[in-house]
>>> print(open('coords-v3.pdb').read())   # PDB, C-alpha atoms
ATOM      1  CA  VAL M  16      -1.825 -18.626  11.860
ATOM      2  CA  THR M  17      -2.597 -21.224   9.200
ATOM      3  CA  ASP M  18      -4.743 -24.301   9.841
ATOM      4  CA  ASP M  19      -1.685 -26.519  10.290
ATOM      5  CA  GLY M  20      -0.287 -24.187  12.944
ATOM      6  CA  ARG M  21       2.391 -22.469  10.837
ATOM      7  CA  LEU M  22       2.900 -18.725  10.701
ATOM      8  CA  PRO M  23       2.559 -17.235   7.191
ATOM      9  CA  ASP M  24       5.795 -16.595   5.288
ATOM     10  CA  SER M  25       5.104 -12.868   5.120
ATOM     11  CA  TRP M  26       2.825 -10.338   6.764
ATOM     12  CA  PRO M  27       2.428  -7.389   4.377
ATOM     13  CA  LEU M  28      -0.130  -5.466   6.425
ATOM     14  CA  PRO M  29       2.271  -2.929   8.019
ATOM     15  CA  ASP M  30       3.446  -1.866   4.552
ATOM     16  CA  ARG M  31      -0.125  -1.413   3.337
ATOM     17  CA  VAL M  32      -1.523   0.440   6.356
ATOM     18  CA  ALA M  33       0.781   3.280   7.315
ATOM     19  CA  ASP M  34      -1.532   6.216   8.058
ATOM     20  CA  ARG M  35      -1.168   6.005  11.854
ATOM     21  CA  LYS M  36       2.045   5.874  13.832
ATOM     22  CA  LYS M  37       0.728   4.586  17.172
ATOM     23  CA  GLU M  38      -0.072   1.048  18.331
ATOM     24  CA  VAL M  39      -2.587  -0.963  16.310
ATOM     25  CA  THR M  40      -4.917  -2.739  18.761
ATOM     26  CA  ALA M  41      -7.243  -4.745  16.454
ATOM     27  CA  VAL M  42      -7.625  -5.635  12.781
ATOM     28  CA  LYS M  43     -10.435  -7.414  10.943
ATOM     29  CA  TYR M  44     -11.217  -8.050   7.244
ATOM     30  CA  THR M  45     -14.747  -8.227   5.906
ATOM     31  CA  PRO M  46     -15.800 -11.782   4.952
ATOM     32  CA  ALA M  47     -15.244 -11.021   1.257
ATOM     33  CA  GLY M  48     -11.896  -9.344   1.947
ATOM     34  CA  ARG M  49     -12.938  -6.071   0.286
ATOM     35  CA  ARG M  50     -12.372  -3.880   3.321
ATOM     36  CA  LEU M  51     -10.170  -3.876   6.399
ATOM     37  CA  ALA M  52     -10.887  -2.274   9.773
ATOM     38  CA  VAL M  53      -7.823  -1.164  11.733
ATOM     39  CA  ALA M  54      -8.192   0.097  15.307
ATOM     40  CA  ASN M  55      -5.600   2.451  16.748
ATOM     41  CA  SER M  56      -4.743   3.132  20.379
ATOM     42  CA  THR M  57      -4.147   6.875  20.007
ATOM     43  CA  PRO M  58      -6.394   8.354  18.837
ATOM     44  CA  ALA M  59      -9.085   5.762  19.616
ATOM     45  CA  VAL M  60     -10.402   5.515  16.067
ATOM     46  CA  ILE M  61     -11.106   2.736  13.574
ATOM     47  CA  ASP M  62      -9.848   3.290  10.047
ATOM     48  CA  ILE M  63     -11.641   1.546   7.168
ATOM     49  CA  TYR M  64      -9.511   0.614   4.174
ATOM     50  CA  ASP M  65     -10.229  -0.407   0.599
ATOM     51  CA  CYS M  66      -8.210  -3.587   0.005
ATOM     52  CA  SER M  67      -8.331  -3.455  -3.791
ATOM     53  CA  SER M  68      -5.369  -1.051  -3.947
ATOM     54  CA  ASP M  69      -1.766  -1.514  -2.866
ATOM     55  CA  PRO M  70      -1.053   0.090  -0.476
ATOM     56  CA  TYR M  71      -4.564  -0.045   0.950
ATOM     57  CA  LEU M  72      -6.591   3.161   0.572
ATOM     58  CA  ARG M  73      -8.115   4.625   3.715
ATOM     59  CA  LEU M  74     -11.790   5.344   3.031
ATOM     60  CA  LEU M  75     -13.021   6.810   6.308
ATOM     61  CA  SER M  76     -12.506   6.840  10.077
ATOM     62  CA  LEU M  77     -14.935   5.787  12.811
ATOM     63  CA  LYS M  78     -14.793   8.023  15.896
ATOM     64  CA  GLY M  79     -16.791   7.551  19.077
ATOM     65  CA  HIS M  80     -14.772   5.445  21.490
ATOM     66  CA  THR M  81     -13.023   7.090  24.421
ATOM     67  CA  ALA M  82     -10.421   4.352  24.951
ATOM     68  CA  ALA M  83      -8.387   2.000  22.782
ATOM     69  CA  VAL M  84     -10.537  -0.354  20.675
ATOM     70  CA  LEU M  85      -9.784  -3.997  21.493
ATOM     71  CA  HIS M  86     -12.326  -6.017  19.480
ATOM     72  CA  ILE M  87     -13.949  -5.672  16.042
ATOM     73  CA  ASP M  88     -16.575  -7.750  14.217
ATOM     74  CA  TRP M  89     -18.008  -7.328  10.721
ATOM     75  CA  ASP M  90     -21.380  -8.642   9.682
ATOM     76  CA  GLU M  91     -21.734 -11.147   6.838
ATOM     77  CA  SER M  92     -22.408  -8.447   4.237
ATOM     78  CA  GLY M  93     -19.561  -6.175   5.261
ATOM     79  CA  GLY M  94     -22.023  -3.340   5.824
ATOM     80  CA  TRP M  95     -22.081  -3.354   9.637
ATOM     81  CA  LEU M  96     -19.316  -3.271  12.222
ATOM     82  CA  GLN M  97     -19.355  -3.605  16.012
ATOM     83  CA  SER M  98     -16.494  -2.640  18.289
ATOM     84  CA  VAL M  99     -15.617  -2.771  21.986
ATOM     85  CA  CYS M 100     -13.032  -0.567  23.652
ATOM     86  CA  LYS M 101     -10.961  -0.810  26.809
ATOM     87  CA  SER M 102     -13.633   1.004  28.832
ATOM     88  CA  ASP M 103     -16.116  -1.807  27.975
ATOM     89  CA  SER M 104     -18.339   0.298  25.713
ATOM     90  CA  ILE M 105     -19.779  -1.332  22.584
ATOM     91  CA  LEU M 106     -20.600   0.739  19.494
ATOM     92  CA  PHE M 107     -22.284  -0.195  16.216
ATOM     93  CA  TRP M 108     -21.513   1.307  12.823
ATOM     94  CA  LYS M 109     -23.445   1.248   9.556
ATOM     95  CA  ILE M 110     -20.950   1.484   6.690
ATOM     96  CA  PRO M 111     -22.589   2.816   3.497
ATOM     97  CA  ASP M 112     -21.495   1.619   0.065
ATOM     98  CA  PRO M 113     -19.850   3.698  -1.226
ATOM     99  CA  PRO M 114     -18.705   5.049   2.135
ATOM    100  CA  PRO M 115     -18.639   8.802   2.785
ATOM    101  CA  ALA M 116     -15.305  10.567   2.918
ATOM    102  CA  GLY M 117     -13.973  11.705   6.283
ATOM    103  CA  GLU M 118     -15.500  10.552   9.576
ATOM    104  CA  LEU M 119     -18.591   8.499  10.445
ATOM    105  CA  ALA M 120     -20.539   8.537  13.732
ATOM    106  CA  HIS M 121     -21.800   5.351  15.361
ATOM    107  CA  CYS M 122     -25.384   4.140  14.966
ATOM    108  CA  THR M 123     -27.803   4.934  17.803
ATOM    109  CA  ASP M 124     -30.781   3.040  16.320
ATOM    110  CA  TYR M 125     -30.200  -0.202  18.207
ATOM    111  CA  LYS M 126     -33.328  -1.808  16.780
ATOM    112  CA  ALA M 127     -31.577  -1.786  13.403
ATOM    113  CA  VAL M 128     -28.784  -3.891  14.876
ATOM    114  CA  ALA M 129     -31.032  -6.572  16.359
ATOM    115  CA  GLU M 130     -31.210  -8.717  13.224
ATOM    116  CA  VAL M 131     -27.631  -8.247  12.028
ATOM    117  CA  ALA M 132     -25.872 -11.565  11.299
ATOM    118  CA  TRP M 133     -22.300 -11.204  12.516
ATOM    119  CA  ALA M 134     -19.599 -12.999  10.548
ATOM    120  CA  SER M 135     -17.471 -13.333  13.682
ATOM    121  CA  ILE M 136     -17.968 -13.069  17.440
ATOM    122  CA  SER M 137     -15.043 -11.449  19.222
ATOM    123  CA  CYS M 138     -16.804  -8.564  20.993
ATOM    124  CA  PRO M 139     -17.442  -9.852  24.530
ATOM    125  CA  PHE M 140     -20.990  -8.510  24.968
ATOM    126  CA  ALA M 141     -22.808 -10.623  22.390
ATOM    127  CA  TRP M 142     -26.090 -12.192  23.549
ATOM    128  CA  SER M 143     -24.929 -15.481  22.063
ATOM    129  CA  ALA M 144     -21.924 -15.372  24.416
ATOM    130  CA  ILE M 145     -23.681 -14.319  27.609
ATOM    131  CA  ALA M 146     -22.472 -17.441  29.456
ATOM    132  CA  CYS M 147     -18.915 -16.130  29.151
ATOM    133  CA  LEU M 148     -19.649 -13.335  31.623
ATOM    134  CA  THR M 149     -18.371 -13.944  35.148
ATOM    135  CA  LYS M 150     -20.664 -14.167  38.166
ATOM    136  CA  ALA M 151     -19.758 -10.545  38.872
ATOM    137  CA  GLY M 152     -20.871  -9.607  35.358
ATOM    138  CA  ASN M 153     -17.371  -8.977  34.049
ATOM    139  CA  ALA M 154     -16.680  -9.649  30.383
ATOM    140  CA  PRO M 155     -13.948 -12.047  29.224
ATOM    141  CA  LYS M 156     -10.756 -10.560  27.879
ATOM    142  CA  ALA M 157     -11.217 -12.201  24.484
ATOM    143  CA  LEU M 158     -13.656 -14.301  22.470
ATOM    144  CA  ASP M 159     -13.710 -16.125  19.168
ATOM    145  CA  ARG M 160     -16.316 -18.300  17.451
ATOM    146  CA  SER M 161     -15.479 -21.269  15.252
ATOM    147  CA  ALA M 162     -16.130 -20.940  11.526
ATOM    148  CA  ASN M 163     -18.820 -23.644  11.618
ATOM    149  CA  ARG M 164     -20.538 -21.816  14.507
ATOM    150  CA  THR M 165     -20.545 -24.727  16.919
ATOM    151  CA  LEU M 166     -17.836 -23.624  19.397
ATOM    152  CA  LEU M 167     -16.899 -20.468  21.254
ATOM    153  CA  VAL M 168     -13.563 -19.927  23.005
ATOM    154  CA  SER M 169     -12.841 -17.290  25.629
ATOM    155  CA  GLY M 170      -9.873 -16.089  27.663
ATOM    156  CA  ASP M 171     -10.238 -14.654  31.162
ATOM    157  CA  ASP M 172      -8.502 -12.961  34.081
ATOM    158  CA  ASN M 173      -8.140 -16.296  35.874
ATOM    159  CA  HIS M 174      -5.499 -17.486  33.384
ATOM    160  CA  MET M 175      -7.969 -19.906  31.763
ATOM    161  CA  VAL M 176      -8.918 -20.735  28.177
ATOM    162  CA  ASN M 177     -12.584 -21.754  28.124
ATOM    163  CA  LEU M 178     -14.364 -23.725  25.408
ATOM    164  CA  PHE M 179     -18.155 -23.436  25.118
ATOM    165  CA  ASP M 180     -20.720 -24.935  22.814
ATOM    166  CA  TYR M 181     -22.151 -22.161  20.642
ATOM    167  CA  PRO M 182     -24.368 -20.350  21.321
ATOM    168  CA  ALA M 183     -23.150 -19.957  24.891
ATOM    169  CA  ILE M 184     -26.497 -19.154  26.458
ATOM    170  CA  GLU M 185     -27.105 -18.495  30.143
ATOM    171  CA  ASN M 186     -25.955 -21.315  32.468
ATOM    172  CA  SER M 187     -23.883 -23.007  29.736
ATOM    173  CA  GLN M 188     -20.825 -24.665  31.276
ATOM    174  CA  PRO M 189     -17.405 -24.460  29.628
ATOM    175  CA  ARG M 190     -14.500 -26.845  29.476
ATOM    176  CA  SER M 191     -11.663 -24.829  31.011
ATOM    177  CA  TYR M 192      -7.938 -25.306  30.471
ATOM    178  CA  GLY M 193      -4.937 -23.766  32.193
ATOM    179  CA  ALA M 194      -1.429 -23.132  30.895
ATOM    180  CA  HIS M 195      -0.954 -19.384  31.135
ATOM    181  CA  SER M 196       0.438 -17.856  34.329
ATOM    182  CA  SER M 197      -1.356 -14.538  33.805
ATOM    183  CA  GLN M 198      -4.567 -13.230  32.280
ATOM    184  CA  VAL M 199      -5.385 -14.448  28.774
ATOM    185  CA  THR M 200      -5.418 -11.386  26.537
ATOM    186  CA  GLN M 201      -6.442 -12.892  23.185
ATOM    187  CA  VAL M 202      -7.813 -16.109  21.692
ATOM    188  CA  CYS M 203      -8.304 -17.139  18.080
ATOM    189  CA  MET M 204      -9.654 -20.280  16.413
ATOM    190  CA  SER M 205      -8.324 -21.603  13.115
ATOM    191  CA  SER M 206     -10.712 -21.688  10.160
ATOM    192  CA  SER M 207     -10.971 -25.481  10.526
ATOM    193  CA  GLY M 208     -11.971 -25.110  14.180
ATOM    194  CA  ASP M 209      -9.514 -27.727  15.427
ATOM    195  CA  ARG M 210      -6.881 -25.324  16.790
ATOM    196  CA  VAL M 211      -6.903 -22.403  19.209
ATOM    197  CA  VAL M 212      -4.125 -19.862  19.703
ATOM    198  CA  SER M 213      -4.049 -17.885  22.958
ATOM    199  CA  THR M 214      -1.804 -15.107  24.210
ATOM    200  CA  GLY M 215      -0.995 -14.249  27.795
ATOM    201  CA  GLY M 216      -0.391 -10.875  29.364
ATOM    202  CA  GLU M 217       2.469 -10.757  31.832
ATOM    203  CA  ASP M 218       3.635 -14.273  30.968
ATOM    204  CA  LEU M 219       4.395 -13.082  27.402
ATOM    205  CA  CYS M 220       3.439 -16.533  26.069
ATOM    206  CA  ILE M 221       1.667 -17.723  22.944
ATOM    207  CA  MET M 222      -0.039 -21.085  23.370
ATOM    208  CA  GLN M 223      -1.433 -23.362  20.687
ATOM    209  CA  TRP M 224      -4.205 -25.827  21.558
ATOM    210  CA  HIS M 225      -5.634 -28.751  19.628
ATOM    211  CA  VAL M 226      -9.400 -29.188  19.882
ATOM    212  CA  ASP M 227     -10.384 -32.874  20.025
ATOM    213  CA  ASN M 228     -13.819 -34.298  19.278
ATOM    214  CA  ILE M 229     -15.045 -31.085  17.641
ATOM    215  CA  ASN M 230     -17.951 -32.926  16.041
TER     216      ASN M 230
END
>>> encode(input="coords-v3.pdb", output="structure tokens")
Amino acid sequence: VTDDGRLPDSWPLPDRVADRKKEVTAVKYTPAGRRLAVANSTPAVIDIYDCSSDPYLRLLSLKGHTAAVLHIDWDESGGWLQSVCKSDSILFWKIPDPPPAGELAHCTDYKAVAEVAWASISCPFAWSAIACLTKAGNAPKALDRSANRTLLVSGDDNHMVNLFDYPAIENSQPRSYGAHSSQVTQVCMSSSGDRVVSTGGEDLCIMQWHVDNIN
């Protein structure tokens, strides 16, 4: 969705990424646009593509999740990736440059991840989004951080779209808005930070929100 709320005239991605035949559950470009991560439902793998060719060239596959991957974030350099799957497991991946051919296992040295600067926040277990967890400790269905890193939006099982100041540290209180009649399955902020798009589950609705007083 463009900043003025319009859908792009064309969406060439399906023609450029045709290695898998099952449902695609998440996609995310690196900040520089050099690589694309595409998560598939079956098998639960993340394919990494080189975007300099047309169609895109698959470089390697990330295997480790046991359920469909729902959220992906790259770091600012495009060398790290984090992912969360339907079973609420979070994995971290160090992507070498050039990447190895074939498959790559996830990183188990979590100290190496501590100082990674993430270009986006959509994985719902980030420390900077801890206030989005419910009182029962459940993660939100979806998250997105504004490009200027001042706002964080979440969608939850209670049909609400929630807007937090970023970082959303413990005890931060959101501004919550209702329009969906079922759980909110995805949220996304425009690059300008003044619009939010949300999708519902059983209500099959796409909502667009205007964010006032973002300064």
>>> resolve_selection(input="coords-v3.pdb", expression="the PyMOL selection byres ((chain M and resi 96) around 6)", output="list of chain:residue names")
M:Asp88, M:Trp89, M:Trp95, M:Gln97, M:Phe107, M:Trp108
>>> resolve_selection(input="coords-v3.pdb", expression="the PyMOL selection byres ((chain M and resi 56) around 6)", output="MDAnalysis selection string")
chainID M and resid 38 55 57:59 83
>>> residues_near_point(input="coords-v3.pdb", point="(-23.6, -6.3, 10.8)", cutoff="12 Å", atoms="all atoms listed in the file", output="NGL selection string")
:M and (45-46 or 87-98 or 106-111 or 122 or 125 or 127-136)
>>> atom_distance(input="coords-v3.pdb", atom1="CA of Asn163 in chain M", atom2="CA of Ser187 in chain M")
18.8 Å
>>> atom_distance(input="coords-v3.pdb", atom1="CA of Leu74 in chain M", atom2="CA of Ala162 in chain M")
28.0 Å
>>> resolve_selection(input="coords-v3.pdb", expression="the PyMOL selection byres ((chain M and resi 76) around 7)", output="list of chain:residue names")
M:Val60, M:Ile61, M:Asp62, M:Ile63, M:Leu75, M:Leu77, M:Lys78, M:Gly117, M:Glu118, M:Leu119
>>> atom_distance(input="coords-v3.pdb", atom1="CA of Arg190 in chain M", atom2="CA of His86 in chain M")
23.2 Å
>>> residues_around(input="coords-v3.pdb", residues="range 167-169 of chain M", least_positions_apart="2", cutoff="8 Å", atoms="only C-alpha atoms", output="PyMOL selection string")
chain M and resi 144+147+155-161+164-165+171+176-183+202-204
>>> residues_around(input="coords-v3.pdb", residues="Lys101 in chain M", least_positions_apart="4", cutoff="7 Å", atoms="all atoms listed in the file", output="PyMOL selection string")
chain M and resi 82-85
>>> write_last_selection(input="coords-v3.pdb", atoms="C-alpha atoms", output="compact mmCIF listing (two decimals), in the frame of the given file")
# COMPACT_ATOMS: atom_id res chain seq x y z
CA ALA M 82 -10.42 4.35 24.95
CA ALA M 83 -8.39 2.00 22.78
CA VAL M 84 -10.54 -0.35 20.68
CA LEU M 85 -9.78 -4.00 21.49
>>> closest_residue(input="coords-v3.pdb", among="M:Ala154, M:Val39, M:Ala52, M:Ala116", to="Ala141 in chain M", atoms="all atoms listed in the file")
M:Ala154
>>> axis_aligned_box(input="coords-v3.pdb", around="range 97-107 of chain M", padding_each_side="4 Å", output="JSON")
{"center_x": -16.6, "center_y": -1.3, "center_z": 22.4, "size_x": 19.3, "size_y": 12.6, "size_z": 20.8}
>>> closest_residue(input="coords-v3.pdb", among="M:Asp124, M:Gly48, M:Glu185, M:Gly79", to="Cys66 in chain M", atoms="only C-alpha atoms")
M:Gly48
>>> closest_residue(input="coords-v3.pdb", among="M:Gln188, M:Thr200, M:Gln223, M:Thr214", to="Thr149 in chain M", atoms="only C-alpha atoms")
M:Gln188
>>> build_atoms(input="coords-v3.pdb", residues="range 105-122 of chain M", atoms="N, CA and C atoms", output="PDB file, in the coordinates of the input")
ATOM      1  N   ILE M 105     -19.594  -0.707  23.892  1.00  0.00           N
ATOM      2  CA  ILE M 105     -19.779  -1.332  22.584  1.00  0.00           C
ATOM      3  C   ILE M 105     -20.510  -0.347  21.681  1.00  0.00           C
ATOM      4  N   LEU M 106     -19.999  -0.167  20.473  1.00  0.00           N
ATOM      5  CA  LEU M 106     -20.600   0.739  19.494  1.00  0.00           C
ATOM      6  C   LEU M 106     -20.866  -0.028  18.208  1.00  0.00           C
ATOM      7  N   PHE M 107     -21.898   0.417  17.484  1.00  0.00           N
ATOM      8  CA  PHE M 107     -22.284  -0.195  16.216  1.00  0.00           C
ATOM      9  C   PHE M 107     -22.179   0.852  15.112  1.00  0.00           C
ATOM     10  N   TRP M 108     -21.758   0.395  13.936  1.00  0.00           N
ATOM     11  CA  TRP M 108     -21.513   1.307  12.823  1.00  0.00           C
ATOM     12  C   TRP M 108     -22.147   0.747  11.558  1.00  0.00           C
ATOM     13  N   LYS M 109     -22.891   1.594  10.855  1.00  0.00           N
ATOM     14  CA  LYS M 109     -23.445   1.248   9.556  1.00  0.00           C
ATOM     15  C   LYS M 109     -22.552   1.869   8.496  1.00  0.00           C
ATOM     16  N   ILE M 110     -21.912   1.014   7.679  1.00  0.00           N
ATOM     17  CA  ILE M 110     -20.950   1.484   6.690  1.00  0.00           C
ATOM     18  C   ILE M 110     -21.634   1.536   5.325  1.00  0.00           C
ATOM     19  N   PRO M 111     -21.931   2.724   4.804  1.00  0.00           N
ATOM     20  CA  PRO M 111     -22.589   2.816   3.497  1.00  0.00           C
ATOM     21  C   PRO M 111     -21.670   2.329   2.380  1.00  0.00           C
ATOM     22  N   ASP M 112     -22.266   2.019   1.242  1.00  0.00           N
ATOM     23  CA  ASP M 112     -21.495   1.619   0.065  1.00  0.00           C
ATOM     24  C   ASP M 112     -22.002   2.412  -1.140  1.00  0.00           C
ATOM     25  N   PRO M 113     -21.217   3.364  -1.645  1.00  0.00           N
ATOM     26  CA  PRO M 113     -19.850   3.698  -1.226  1.00  0.00           C
ATOM     27  C   PRO M 113     -19.847   4.481   0.081  1.00  0.00           C
ATOM     28  N   PRO M 114     -18.778   4.347   0.849  1.00  0.00           N
ATOM     29  CA  PRO M 114     -18.705   5.049   2.135  1.00  0.00           C
ATOM     30  C   PRO M 114     -18.447   6.533   1.941  1.00  0.00           C
ATOM     31  N   PRO M 115     -18.914   7.364   2.876  1.00  0.00           N
ATOM     32  CA  PRO M 115     -18.639   8.802   2.785  1.00  0.00           C
ATOM     33  C   PRO M 115     -17.183   9.086   3.126  1.00  0.00           C
ATOM     34  N   ALA M 116     -16.677  10.178   2.591  1.00  0.00           N
ATOM     35  CA  ALA M 116     -15.305  10.567   2.918  1.00  0.00           C
ATOM     36  C   ALA M 116     -15.274  11.195   4.309  1.00  0.00           C
ATOM     37  N   GLY M 117     -14.150  11.060   4.990  1.00  0.00           N
ATOM     38  CA  GLY M 117     -13.973  11.705   6.283  1.00  0.00           C
ATOM     39  C   GLY M 117     -14.310  10.800   7.444  1.00  0.00           C
ATOM     40  N   GLU M 118     -15.191  11.268   8.345  1.00  0.00           N
ATOM     41  CA  GLU M 118     -15.500  10.552   9.576  1.00  0.00           C
ATOM     42  C   GLU M 118     -16.967  10.106   9.587  1.00  0.00           C
ATOM     43  N   LEU M 119     -17.239   9.042  10.340  1.00  0.00           N
ATOM     44  CA  LEU M 119     -18.591   8.499  10.445  1.00  0.00           C
ATOM     45  C   LEU M 119     -18.910   8.277  11.913  1.00  0.00           C
ATOM     46  N   ALA M 120     -20.108   8.723  12.352  1.00  0.00           N
ATOM     47  CA  ALA M 120     -20.539   8.537  13.732  1.00  0.00           C
ATOM     48  C   ALA M 120     -21.196   7.171  13.887  1.00  0.00           C
ATOM     49  N   HIS M 121     -21.213   6.656  15.115  1.00  0.00           N
ATOM     50  CA  HIS M 121     -21.800   5.351  15.361  1.00  0.00           C
ATOM     51  C   HIS M 121     -23.325   5.412  15.305  1.00  0.00           C
ATOM     52  N   CYS M 122     -23.936   4.262  15.096  1.00  0.00           N
ATOM     53  CA  CYS M 122     -25.384   4.140  14.966  1.00  0.00           C
ATOM     54  C   CYS M 122     -26.034   4.120  16.353  1.00  0.00           C
TER      55      CYS M 122
END
